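**Q** For reference, the file coords-v2.txt (compact mmCIF, N, CA and C atoms) is included below:
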# COMPACT_ATOMS: atom_id res chain seq x y z
N MET U 1 -10.32 -11.71 -9.78
CA MET U 1 -10.10 -11.85 -8.35
C MET U 1 -10.86 -10.73 -7.63
N LEU U 2 -11.64 -11.09 -6.65
CA LEU U 2 -12.39 -10.13 -5.85
C LEU U 2 -11.61 -9.85 -4.56
N CYS U 3 -11.23 -8.59 -4.37
CA CYS U 3 -10.41 -8.21 -3.23
C CYS U 3 -11.11 -7.16 -2.38
N LEU U 4 -10.70 -7.10 -1.13
CA LEU U 4 -11.22 -6.13 -0.19
C LEU U 4 -10.08 -5.23 0.26
N THR U 5 -10.36 -3.95 0.42
CA THR U 5 -9.36 -3.03 0.94
C THR U 5 -9.55 -2.87 2.44
N THR U 6 -8.44 -2.74 3.14
CA THR U 6 -8.53 -2.56 4.59
C THR U 6 -9.05 -1.17 4.94
N GLY U 7 -9.12 -0.29 3.96
CA GLY U 7 -9.61 1.06 4.22
C GLY U 7 -11.02 1.10 4.77
N CYS U 8 -11.85 0.14 4.39
CA CYS U 8 -13.23 0.12 4.87
C CYS U 8 -13.36 -0.49 6.27
N LEU U 9 -12.30 -1.07 6.76
CA LEU U 9 -12.32 -1.69 8.10
C LEU U 9 -11.16 -1.19 8.96
N TYR U 10 -10.73 0.03 8.73
CA TYR U 10 -9.49 0.54 9.32
C TYR U 10 -9.48 0.56 10.84
N LYS U 11 -10.63 0.50 11.48
CA LYS U 11 -10.66 0.52 12.94
C LYS U 11 -10.42 -0.86 13.55
N TYR U 12 -10.34 -1.89 12.71
CA TYR U 12 -10.09 -3.25 13.17
C TYR U 12 -8.61 -3.60 12.99
N GLY U 13 -8.15 -4.58 13.73
CA GLY U 13 -6.80 -5.08 13.56
C GLY U 13 -6.72 -5.95 12.31
N LEU U 14 -5.49 -6.11 11.80
CA LEU U 14 -5.32 -6.89 10.56
C LEU U 14 -5.76 -8.34 10.70
N ASN U 15 -5.52 -8.95 11.84
CA ASN U 15 -5.92 -10.34 12.03
C ASN U 15 -7.43 -10.49 11.83
N ARG U 16 -8.19 -9.60 12.44
CA ARG U 16 -9.65 -9.65 12.29
C ARG U 16 -10.06 -9.31 10.86
N ILE U 17 -9.38 -8.36 10.21
CA ILE U 17 -9.70 -8.01 8.83
C ILE U 17 -9.46 -9.21 7.91
N PHE U 18 -8.35 -9.91 8.10
CA PHE U 18 -8.09 -11.12 7.31
C PHE U 18 -9.21 -12.14 7.54
N GLU U 19 -9.62 -12.30 8.78
CA GLU U 19 -10.69 -13.25 9.11
C GLU U 19 -12.01 -12.85 8.42
N PHE U 20 -12.40 -11.58 8.54
CA PHE U 20 -13.62 -11.10 7.87
C PHE U 20 -13.54 -11.32 6.37
N THR U 21 -12.39 -11.00 5.79
CA THR U 21 -12.20 -11.10 4.35
C THR U 21 -12.36 -12.53 3.88
N LYS U 22 -11.74 -13.45 4.60
CA LYS U 22 -11.81 -14.88 4.26
C LYS U 22 -13.25 -15.38 4.39
N ASP U 23 -13.88 -15.05 5.52
CA ASP U 23 -15.25 -15.52 5.77
C ASP U 23 -16.26 -14.97 4.76
N ALA U 24 -16.01 -13.76 4.26
CA ALA U 24 -16.92 -13.14 3.30
C ALA U 24 -16.70 -13.64 1.86
N GLY U 25 -15.66 -14.44 1.66
CA GLY U 25 -15.44 -15.04 0.35
C GLY U 25 -14.56 -14.22 -0.60
N PHE U 26 -13.92 -13.18 -0.08
CA PHE U 26 -12.99 -12.43 -0.92
C PHE U 26 -11.76 -13.28 -1.18
N GLU U 27 -11.04 -12.95 -2.26
CA GLU U 27 -9.88 -13.75 -2.67
C GLU U 27 -8.54 -13.08 -2.39
N GLY U 28 -8.57 -11.86 -1.88
CA GLY U 28 -7.33 -11.15 -1.59
C GLY U 28 -7.62 -9.84 -0.89
N LEU U 29 -6.52 -9.18 -0.48
CA LEU U 29 -6.62 -7.93 0.28
C LEU U 29 -5.72 -6.85 -0.29
N ASP U 30 -6.19 -5.62 -0.19
CA ASP U 30 -5.37 -4.43 -0.41
C ASP U 30 -5.15 -3.84 0.97
N ILE U 31 -3.89 -3.70 1.36
CA ILE U 31 -3.57 -3.15 2.68
C ILE U 31 -3.28 -1.65 2.53
N ILE U 32 -4.03 -0.84 3.25
CA ILE U 32 -3.78 0.59 3.29
C ILE U 32 -2.70 0.82 4.33
N LEU U 33 -1.58 1.37 3.92
CA LEU U 33 -0.49 1.66 4.84
C LEU U 33 -0.85 2.89 5.66
N ASN U 34 -0.81 2.74 6.98
CA ASN U 34 -1.15 3.86 7.85
C ASN U 34 -0.22 3.84 9.06
N ASP U 35 -0.62 4.51 10.13
CA ASP U 35 0.24 4.61 11.31
C ASP U 35 0.21 3.35 12.17
N ILE U 36 -0.64 2.40 11.86
CA ILE U 36 -0.70 1.16 12.63
C ILE U 36 0.49 0.29 12.20
N PHE U 37 1.32 -0.07 13.15
CA PHE U 37 2.56 -0.78 12.85
C PHE U 37 2.32 -2.06 12.05
N ASP U 38 1.28 -2.79 12.37
CA ASP U 38 1.03 -4.08 11.70
C ASP U 38 0.93 -3.94 10.19
N THR U 39 0.45 -2.80 9.69
CA THR U 39 0.34 -2.62 8.24
C THR U 39 1.70 -2.45 7.59
N ARG U 40 2.72 -2.17 8.39
CA ARG U 40 4.06 -1.92 7.86
C ARG U 40 5.07 -3.00 8.27
N ASP U 41 4.57 -4.13 8.77
CA ASP U 41 5.43 -5.22 9.22
C ASP U 41 5.36 -6.37 8.21
N PRO U 42 6.35 -6.48 7.31
CA PRO U 42 6.27 -7.50 6.27
C PRO U 42 6.24 -8.93 6.80
N ASP U 43 6.92 -9.19 7.90
CA ASP U 43 6.90 -10.54 8.46
C ASP U 43 5.50 -10.91 8.96
N TYR U 44 4.84 -9.96 9.60
CA TYR U 44 3.48 -10.19 10.07
C TYR U 44 2.53 -10.39 8.89
N LEU U 45 2.70 -9.58 7.84
CA LEU U 45 1.85 -9.73 6.66
C LEU U 45 2.04 -11.11 6.03
N LEU U 46 3.28 -11.58 5.97
CA LEU U 46 3.54 -12.93 5.44
C LEU U 46 2.87 -14.00 6.29
N ARG U 47 2.95 -13.86 7.62
CA ARG U 47 2.32 -14.85 8.51
C ARG U 47 0.80 -14.86 8.34
N LEU U 48 0.20 -13.68 8.23
CA LEU U 48 -1.26 -13.62 8.03
C LEU U 48 -1.67 -14.24 6.70
N GLN U 49 -0.90 -13.97 5.65
CA GLN U 49 -1.21 -14.56 4.35
C GLN U 49 -1.14 -16.08 4.41
N GLU U 50 -0.14 -16.59 5.09
CA GLU U 50 0.02 -18.04 5.20
C GLU U 50 -1.09 -18.65 6.06
N PHE U 51 -1.37 -18.05 7.20
CA PHE U 51 -2.37 -18.59 8.11
C PHE U 51 -3.76 -18.62 7.48
N PHE U 52 -4.14 -17.53 6.83
CA PHE U 52 -5.49 -17.43 6.25
C PHE U 52 -5.56 -17.92 4.80
N LYS U 53 -4.40 -18.28 4.23
CA LYS U 53 -4.35 -18.69 2.81
C LYS U 53 -5.04 -17.64 1.94
N LEU U 54 -4.67 -16.40 2.19
CA LEU U 54 -5.29 -15.26 1.54
C LEU U 54 -4.19 -14.26 1.17
N PRO U 55 -4.00 -13.98 -0.11
CA PRO U 55 -2.89 -13.10 -0.50
C PRO U 55 -3.19 -11.61 -0.29
N VAL U 56 -2.14 -10.90 0.03
CA VAL U 56 -2.20 -9.44 -0.04
C VAL U 56 -1.79 -9.12 -1.47
N VAL U 57 -2.72 -8.58 -2.23
CA VAL U 57 -2.46 -8.34 -3.65
C VAL U 57 -1.93 -6.94 -3.93
N SER U 58 -2.09 -6.04 -2.95
CA SER U 58 -1.54 -4.70 -3.13
C SER U 58 -1.41 -3.97 -1.81
N LEU U 59 -0.50 -3.01 -1.83
CA LEU U 59 -0.35 -2.04 -0.74
C LEU U 59 -0.74 -0.69 -1.30
N SER U 60 -1.36 0.15 -0.48
CA SER U 60 -1.74 1.48 -0.92
C SER U 60 -1.17 2.53 0.02
N LEU U 61 -0.48 3.49 -0.57
CA LEU U 61 0.08 4.61 0.19
C LEU U 61 -0.97 5.69 0.40
N PRO U 62 -0.88 6.42 1.51
CA PRO U 62 -1.80 7.56 1.71
C PRO U 62 -1.40 8.72 0.80
N SER U 63 -2.27 9.70 0.69
CA SER U 63 -2.00 10.83 -0.20
C SER U 63 -0.92 11.76 0.33
N ASP U 64 -0.63 11.70 1.61
CA ASP U 64 0.41 12.58 2.18
C ASP U 64 1.76 11.87 2.25
N SER U 65 2.07 11.10 1.25
CA SER U 65 3.29 10.31 1.25
C SER U 65 4.53 11.18 1.02
N THR U 66 5.69 10.55 1.17
CA THR U 66 6.98 11.18 0.97
C THR U 66 7.88 10.17 0.26
N PRO U 67 9.02 10.60 -0.27
CA PRO U 67 9.95 9.62 -0.85
C PRO U 67 10.35 8.53 0.15
N LYS U 68 10.57 8.91 1.38
CA LYS U 68 10.95 7.93 2.41
C LYS U 68 9.83 6.90 2.64
N ARG U 69 8.60 7.37 2.72
CA ARG U 69 7.46 6.46 2.90
C ARG U 69 7.28 5.56 1.67
N PHE U 70 7.47 6.14 0.50
CA PHE U 70 7.36 5.35 -0.73
C PHE U 70 8.39 4.22 -0.72
N GLN U 71 9.63 4.55 -0.42
CA GLN U 71 10.70 3.55 -0.40
C GLN U 71 10.42 2.47 0.64
N ALA U 72 9.93 2.88 1.81
CA ALA U 72 9.59 1.91 2.86
C ALA U 72 8.47 0.99 2.40
N ALA U 73 7.47 1.54 1.73
CA ALA U 73 6.36 0.73 1.23
C ALA U 73 6.84 -0.26 0.17
N LEU U 74 7.73 0.19 -0.68
CA LEU U 74 8.29 -0.69 -1.71
C LEU U 74 9.06 -1.84 -1.07
N GLU U 75 9.82 -1.55 -0.04
CA GLU U 75 10.55 -2.61 0.67
C GLU U 75 9.60 -3.62 1.30
N ILE U 76 8.50 -3.13 1.87
CA ILE U 76 7.50 -4.04 2.45
C ILE U 76 6.94 -4.94 1.36
N ALA U 77 6.56 -4.34 0.24
CA ALA U 77 5.99 -5.12 -0.87
C ALA U 77 6.98 -6.17 -1.36
N GLU U 78 8.23 -5.79 -1.53
CA GLU U 78 9.24 -6.74 -2.00
C GLU U 78 9.46 -7.87 -0.99
N THR U 79 9.53 -7.53 0.28
CA THR U 79 9.79 -8.53 1.33
C THR U 79 8.61 -9.48 1.52
N ALA U 80 7.40 -8.94 1.45
CA ALA U 80 6.20 -9.74 1.70
C ALA U 80 5.60 -10.32 0.42
N ASN U 81 6.32 -10.23 -0.70
CA ASN U 81 5.86 -10.78 -1.98
C ASN U 81 4.50 -10.22 -2.41
N ILE U 82 4.34 -8.93 -2.25
CA ILE U 82 3.11 -8.25 -2.65
C ILE U 82 3.36 -7.64 -4.03
N PRO U 83 2.57 -8.01 -5.03
CA PRO U 83 2.90 -7.66 -6.41
C PRO U 83 2.61 -6.23 -6.86
N LEU U 84 1.85 -5.46 -6.07
CA LEU U 84 1.41 -4.14 -6.54
C LEU U 84 1.51 -3.12 -5.43
N LEU U 85 2.01 -1.94 -5.78
CA LEU U 85 2.06 -0.80 -4.86
C LEU U 85 1.28 0.34 -5.49
N ASN U 86 0.21 0.78 -4.81
CA ASN U 86 -0.63 1.88 -5.28
C ASN U 86 -0.14 3.17 -4.65
N ALA U 87 0.17 4.15 -5.48
CA ALA U 87 0.62 5.45 -4.99
C ALA U 87 -0.30 6.53 -5.52
N ARG U 88 -0.72 7.40 -4.64
CA ARG U 88 -1.53 8.54 -5.09
C ARG U 88 -0.63 9.61 -5.65
N ALA U 89 -1.12 10.29 -6.66
CA ALA U 89 -0.37 11.42 -7.20
C ALA U 89 -0.18 12.45 -6.08
N PRO U 90 0.99 13.07 -6.01
CA PRO U 90 1.26 14.02 -4.92
C PRO U 90 0.36 15.26 -4.98
N LEU U 91 0.14 15.84 -3.82
CA LEU U 91 -0.53 17.13 -3.77
C LEU U 91 0.34 18.16 -4.46
N PHE U 92 -0.26 19.07 -5.19
CA PHE U 92 0.56 20.06 -5.90
C PHE U 92 1.30 20.99 -4.95
N THR U 93 0.84 21.05 -3.71
CA THR U 93 1.52 21.88 -2.71
C THR U 93 2.79 21.21 -2.18
N ASN U 94 2.94 19.93 -2.45
CA ASN U 94 4.13 19.20 -2.00
C ASN U 94 5.11 19.11 -3.18
N ILE U 95 5.73 20.22 -3.49
CA ILE U 95 6.55 20.34 -4.71
C ILE U 95 7.71 19.35 -4.71
N ARG U 96 8.38 19.21 -3.60
CA ARG U 96 9.53 18.29 -3.56
C ARG U 96 9.12 16.86 -3.88
N TYR U 97 8.04 16.41 -3.25
CA TYR U 97 7.58 15.05 -3.51
C TYR U 97 7.08 14.92 -4.95
N ALA U 98 6.41 15.94 -5.45
CA ALA U 98 5.90 15.89 -6.82
C ALA U 98 7.06 15.76 -7.81
N GLN U 99 8.13 16.51 -7.60
CA GLN U 99 9.29 16.42 -8.49
C GLN U 99 9.96 15.05 -8.37
N TRP U 100 10.13 14.59 -7.13
CA TRP U 100 10.72 13.27 -6.90
C TRP U 100 9.86 12.21 -7.58
N PHE U 101 8.56 12.28 -7.37
CA PHE U 101 7.61 11.32 -7.92
C PHE U 101 7.75 11.25 -9.45
N LYS U 102 7.73 12.41 -10.07
CA LYS U 102 7.81 12.50 -11.53
C LYS U 102 9.13 11.92 -12.06
N ASN U 103 10.22 12.21 -11.38
CA ASN U 103 11.54 11.79 -11.87
C ASN U 103 11.94 10.38 -11.45
N GLU U 104 11.56 9.96 -10.28
CA GLU U 104 12.08 8.71 -9.72
C GLU U 104 11.21 7.48 -9.92
N ILE U 105 9.90 7.64 -9.97
CA ILE U 105 9.02 6.47 -10.10
C ILE U 105 9.36 5.65 -11.35
N PRO U 106 9.57 6.26 -12.51
CA PRO U 106 9.93 5.44 -13.68
C PRO U 106 11.25 4.67 -13.48
N LYS U 107 12.21 5.28 -12.81
CA LYS U 107 13.49 4.60 -12.55
C LYS U 107 13.30 3.44 -11.58
N ILE U 108 12.51 3.68 -10.55
CA ILE U 108 12.26 2.64 -9.54
C ILE U 108 11.53 1.47 -10.19
N GLN U 109 10.56 1.76 -11.06
CA GLN U 109 9.80 0.68 -11.70
C GLN U 109 10.70 -0.23 -12.49
N LYS U 110 11.75 0.30 -13.08
CA LYS U 110 12.69 -0.52 -13.86
C LYS U 110 13.51 -1.45 -12.98
N ARG U 111 13.66 -1.11 -11.68
CA ARG U 111 14.51 -1.88 -10.78
C ARG U 111 13.75 -2.90 -9.92
N THR U 112 12.45 -2.89 -9.95
CA THR U 112 11.69 -3.77 -9.05
C THR U 112 10.69 -4.62 -9.81
N LYS U 113 10.36 -5.77 -9.23
CA LYS U 113 9.32 -6.63 -9.79
C LYS U 113 7.93 -6.16 -9.37
N VAL U 114 7.87 -5.36 -8.30
CA VAL U 114 6.60 -4.84 -7.82
C VAL U 114 6.08 -3.82 -8.83
N LYS U 115 4.85 -4.00 -9.26
CA LYS U 115 4.23 -3.05 -10.19
C LYS U 115 3.78 -1.83 -9.40
N ILE U 116 4.02 -0.66 -9.97
CA ILE U 116 3.63 0.58 -9.32
C ILE U 116 2.45 1.17 -10.08
N ALA U 117 1.35 1.36 -9.37
CA ALA U 117 0.16 1.96 -9.97
C ALA U 117 -0.02 3.36 -9.39
N ILE U 118 -0.36 4.29 -10.24
CA ILE U 118 -0.62 5.65 -9.78
C ILE U 118 -2.13 5.83 -9.72
N GLU U 119 -2.61 6.04 -8.53
CA GLU U 119 -4.05 6.18 -8.29
C GLU U 119 -4.51 7.59 -8.65
N ASN U 120 -5.63 7.66 -9.29
CA ASN U 120 -6.25 8.94 -9.63
C ASN U 120 -7.33 9.20 -8.59
N PRO U 121 -6.98 9.91 -7.51
CA PRO U 121 -7.94 10.09 -6.41
C PRO U 121 -9.02 11.10 -6.76
N PRO U 122 -10.09 11.11 -5.96
CA PRO U 122 -11.13 12.11 -6.20
C PRO U 122 -10.56 13.52 -6.05
N ASN U 123 -11.13 14.45 -6.76
CA ASN U 123 -10.64 15.83 -6.72
C ASN U 123 -11.21 16.54 -5.50
N ASN U 124 -10.45 16.51 -4.45
CA ASN U 124 -10.85 17.28 -3.27
C ASN U 124 -9.68 18.13 -2.80
N GLY U 125 -9.00 18.70 -3.77
CA GLY U 125 -8.03 19.70 -3.38
C GLY U 125 -6.62 19.53 -3.82
N GLY U 126 -6.33 19.57 -5.09
CA GLY U 126 -4.98 19.81 -5.53
C GLY U 126 -4.03 18.66 -5.68
N PHE U 127 -4.31 17.72 -6.51
CA PHE U 127 -3.34 16.68 -6.81
C PHE U 127 -2.58 17.03 -8.07
N PHE U 128 -1.36 16.57 -8.14
CA PHE U 128 -0.48 16.89 -9.27
C PHE U 128 -0.03 15.60 -9.93
N LEU U 129 -0.07 15.58 -11.22
CA LEU U 129 0.48 14.43 -11.92
C LEU U 129 1.13 14.87 -13.20
Can the structure from this file be put into structure tokens for me?
**A**
Amino acid sequence: MLCLTTGCLYKYGLNRIFEFTKDAGFEGLDIILNDIFDTRDPDYLLRLQEFFKLPVVSLSLPSDSTPKRFQAALEIAETANIPLLNARAPLFTNIRYAQWFKNEIPKIQKRTKVKIAIENPPNNGGFFL
């Protein structure tokens, strides 16, 4: 399956990104969760998937995530039937999140159908895994 990430089109709205993705022949989308409300609205994501007949195959968290953001992203994935949640390894300076990440992600994975992937980001300053 050939998918497009919204990260490369982040200045556009999701409706237009879905349209571009469909027209370009991609088969799915990775939604980068950011401060734009539409990326965090599971009902809207479901409507876009249905309208464009194009699945959202994954959600991706930013590197400055928190336990609260992770849980919210997981709820979006579960509600919108998105099978994969990509999480970046925490910054080593974010000790609380790093400890939570290390201890809780395995427990969460056992409780959800959503697969959790840990992204290995480029080394530009202190990730912890």
**Q** Let's see if you can do this: from backbone DSSP, list all helix (DSSP H, G or I) residues in chain U, as an MDAnalysis selection string.
**A** chainID U and resid 6:9 14:23 37:40 42:52 67:79 95:111
**Q** Measure the distance from atom C of U:Thr112 to atom CA of U:Glu78 in Å and round it to one decimal.
**A**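 If I compute the distance from atom C of U:Thr112 to atom CA of U:Glu78, I get 8.2 Å.
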**Q** Which of stretch 43-80 of chain U counts as strand (DSSP E) under DSSP, as a ChimeraX atom specification please?
**A** /U:56-60
**Q** Would you mind reading off the distance between atom N of U:Ile116 and atom CA of U:Leu85, one decimal, in Å?
**A** 5.5 Å
**Q** List as a VMD selection string the protein and nucleic acid residues near U:Ala80, meaning an atom at most 10 Å away when only C-alpha atoms are counted, but skip any in the same chain fewer than 5 places from it.
**A** chain U and resid 41 to 47 49 55 to 56 74 to 75
**Q** Name all residues at most 5 Å from stretch 58-62 of chain U (count only N, CA and C atoms; drop same-chain ones fewer than 6 positions away) and give them as an NGL selection string.
**A** :U and (29-33 or 84-87)
**Q** Ranking U:Ala77, U:Leu4, U:Ser65, U:Phe52 by minimum distance to U:Thr39 and counting only C-alpha atoms, which one comes first?
**A**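 Once distances to U:Thr39 are computed over only C-alpha atoms, the minimum belongs to U:Ala77.
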**Q** If you measure from atom C of U:Ser63 to atom CA of U:Thr5, what distance in Å do you get, rounded to one decimal?
**A**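 That distance, rounded to one decimal, is 17.0 Å.
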**Q** Nearest to U:Ala24: which of U:Ile82, U:Ala117, U:Ala73, U:Leu54 is it, counting only C-alpha atoms?
**A**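 The answer is U:Leu54, which sits nearest to U:Ala24.
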**Q** Just want the 8 Å neighbourhood of U:Met1, counted on all atoms listed in the file, with same-chain residues fewer than 6 positions away dropped. Output as a list of chain:residue names.
**A**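 Answer for this query is U:Phe26, U:Glu27, U:Gly28.
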**Q** Any chance you could build stretch 90-101 of chain U out to all heavy atoms and write it as a short mmCIF file (atom, residue, chain, number, x, y, z; two decimals), in the coordinates of the input?
**A**
data_model
loop_
_atom_site.label_atom_id
_atom_site.label_comp_id
_atom_site.auth_asym_id
_atom_site.auth_seq_id
_atom_site.Cartn_x
_atom_site.Cartn_y
_atom_site.Cartn_z
N PRO U 90 0.99 13.07 -6.01
CA PRO U 90 1.26 14.02 -4.92
C PRO U 90 0.36 15.26 -4.98
O PRO U 90 -0.09 15.66 -6.06
CB PRO U 90 2.71 14.44 -5.17
CG PRO U 90 3.27 13.46 -6.12
CD PRO U 90 2.13 12.89 -6.89
N LEU U 91 0.14 15.84 -3.82
CA LEU U 91 -0.53 17.13 -3.77
C LEU U 91 0.34 18.16 -4.46
O LEU U 91 1.57 18.13 -4.33
CB LEU U 91 -0.75 17.56 -2.32
CG LEU U 91 -1.72 16.71 -1.49
CD1 LEU U 91 -1.64 17.10 -0.03
CD2 LEU U 91 -3.13 16.87 -2.01
N PHE U 92 -0.26 19.07 -5.19
CA PHE U 92 0.56 20.06 -5.90
C PHE U 92 1.30 20.99 -4.95
O PHE U 92 2.28 21.62 -5.31
CB PHE U 92 -0.28 20.86 -6.91
CG PHE U 92 -1.17 21.90 -6.29
CD1 PHE U 92 -0.73 23.20 -6.15
CD2 PHE U 92 -2.44 21.58 -5.88
CE1 PHE U 92 -1.54 24.17 -5.59
CE2 PHE U 92 -3.25 22.53 -5.31
CZ PHE U 92 -2.82 23.83 -5.16
N THR U 93 0.84 21.05 -3.71
CA THR U 93 1.52 21.88 -2.71
C THR U 93 2.79 21.21 -2.18
O THR U 93 3.61 21.87 -1.56
CB THR U 93 0.58 22.19 -1.54
OG1 THR U 93 0.11 20.95 -0.99
CG2 THR U 93 -0.58 23.05 -1.98
N ASN U 94 2.94 19.93 -2.45
CA ASN U 94 4.13 19.20 -2.00
C ASN U 94 5.11 19.11 -3.18
O ASN U 94 5.28 18.06 -3.79
CB ASN U 94 3.72 17.82 -1.49
CG ASN U 94 4.84 17.10 -0.79
OD1 ASN U 94 6.00 17.50 -0.87
ND2 ASN U 94 4.50 16.02 -0.11
N ILE U 95 5.73 20.22 -3.49
CA ILE U 95 6.55 20.34 -4.71
C ILE U 95 7.71 19.35 -4.71
O ILE U 95 7.98 18.73 -5.74
CB ILE U 95 7.07 21.79 -4.85
CG1 ILE U 95 5.91 22.72 -4.80
CG2 ILE U 95 8.01 21.93 -6.04
CD1 ILE U 95 5.56 23.53 -5.94
N ARG U 96 8.38 19.21 -3.60
CA ARG U 96 9.53 18.29 -3.56
C ARG U 96 9.12 16.86 -3.88
O ARG U 96 9.77 16.18 -4.66
CB ARG U 96 10.21 18.33 -2.20
CG ARG U 96 11.09 19.51 -2.00
CD ARG U 96 11.90 19.36 -0.74
NE ARG U 96 12.49 20.64 -0.41
CZ ARG U 96 12.95 20.95 0.75
NH1 ARG U 96 12.91 20.08 1.74
NH2 ARG U 96 13.48 22.14 0.97
N TYR U 97 8.04 16.41 -3.25
CA TYR U 97 7.58 15.05 -3.51
C TYR U 97 7.08 14.92 -4.95
O TYR U 97 7.33 13.90 -5.60
CB TYR U 97 6.50 14.64 -2.51
CG TYR U 97 6.00 13.22 -2.68
CD1 TYR U 97 6.89 12.15 -2.74
CD2 TYR U 97 4.65 12.95 -2.79
CE1 TYR U 97 6.45 10.85 -2.90
CE2 TYR U 97 4.19 11.64 -2.93
CZ TYR U 97 5.10 10.61 -2.99
OH TYR U 97 4.65 9.31 -3.14
N ALA U 98 6.41 15.94 -5.45
CA ALA U 98 5.90 15.89 -6.82
C ALA U 98 7.06 15.76 -7.81
O ALA U 98 6.99 14.95 -8.75
CB ALA U 98 5.08 17.13 -7.12
N GLN U 99 8.13 16.51 -7.60
CA GLN U 99 9.29 16.42 -8.49
C GLN U 99 9.96 15.05 -8.37
O GLN U 99 10.32 14.43 -9.36
CB GLN U 99 10.31 17.52 -8.17
CG GLN U 99 9.92 18.87 -8.74
CD GLN U 99 9.78 18.83 -10.24
OE1 GLN U 99 8.67 18.97 -10.75
NE2 GLN U 99 10.84 18.65 -10.98
N TRP U 100 10.13 14.59 -7.13
CA TRP U 100 10.72 13.27 -6.90
C TRP U 100 9.86 12.21 -7.58
O TRP U 100 10.38 11.33 -8.27
CB TRP U 100 10.83 13.00 -5.40
CG TRP U 100 11.40 11.66 -5.09
CD1 TRP U 100 12.72 11.35 -4.94
CD2 TRP U 100 10.68 10.43 -4.93
NE1 TRP U 100 12.87 10.01 -4.68
CE2 TRP U 100 11.62 9.43 -4.68
CE3 TRP U 100 9.34 10.08 -4.98
CZ2 TRP U 100 11.26 8.09 -4.46
CZ3 TRP U 100 8.98 8.76 -4.77
CH2 TRP U 100 9.94 7.79 -4.52
N PHE U 101 8.56 12.28 -7.37
CA PHE U 101 7.61 11.32 -7.92
C PHE U 101 7.75 11.25 -9.45
O PHE U 101 7.89 10.18 -10.03
CB PHE U 101 6.20 11.76 -7.52
CG PHE U 101 5.14 10.73 -7.68
CD1 PHE U 101 4.83 9.89 -6.63
CD2 PHE U 101 4.41 10.63 -8.84
CE1 PHE U 101 3.81 8.95 -6.76
CE2 PHE U 101 3.40 9.71 -8.98
CZ PHE U 101 3.09 8.85 -7.93
#
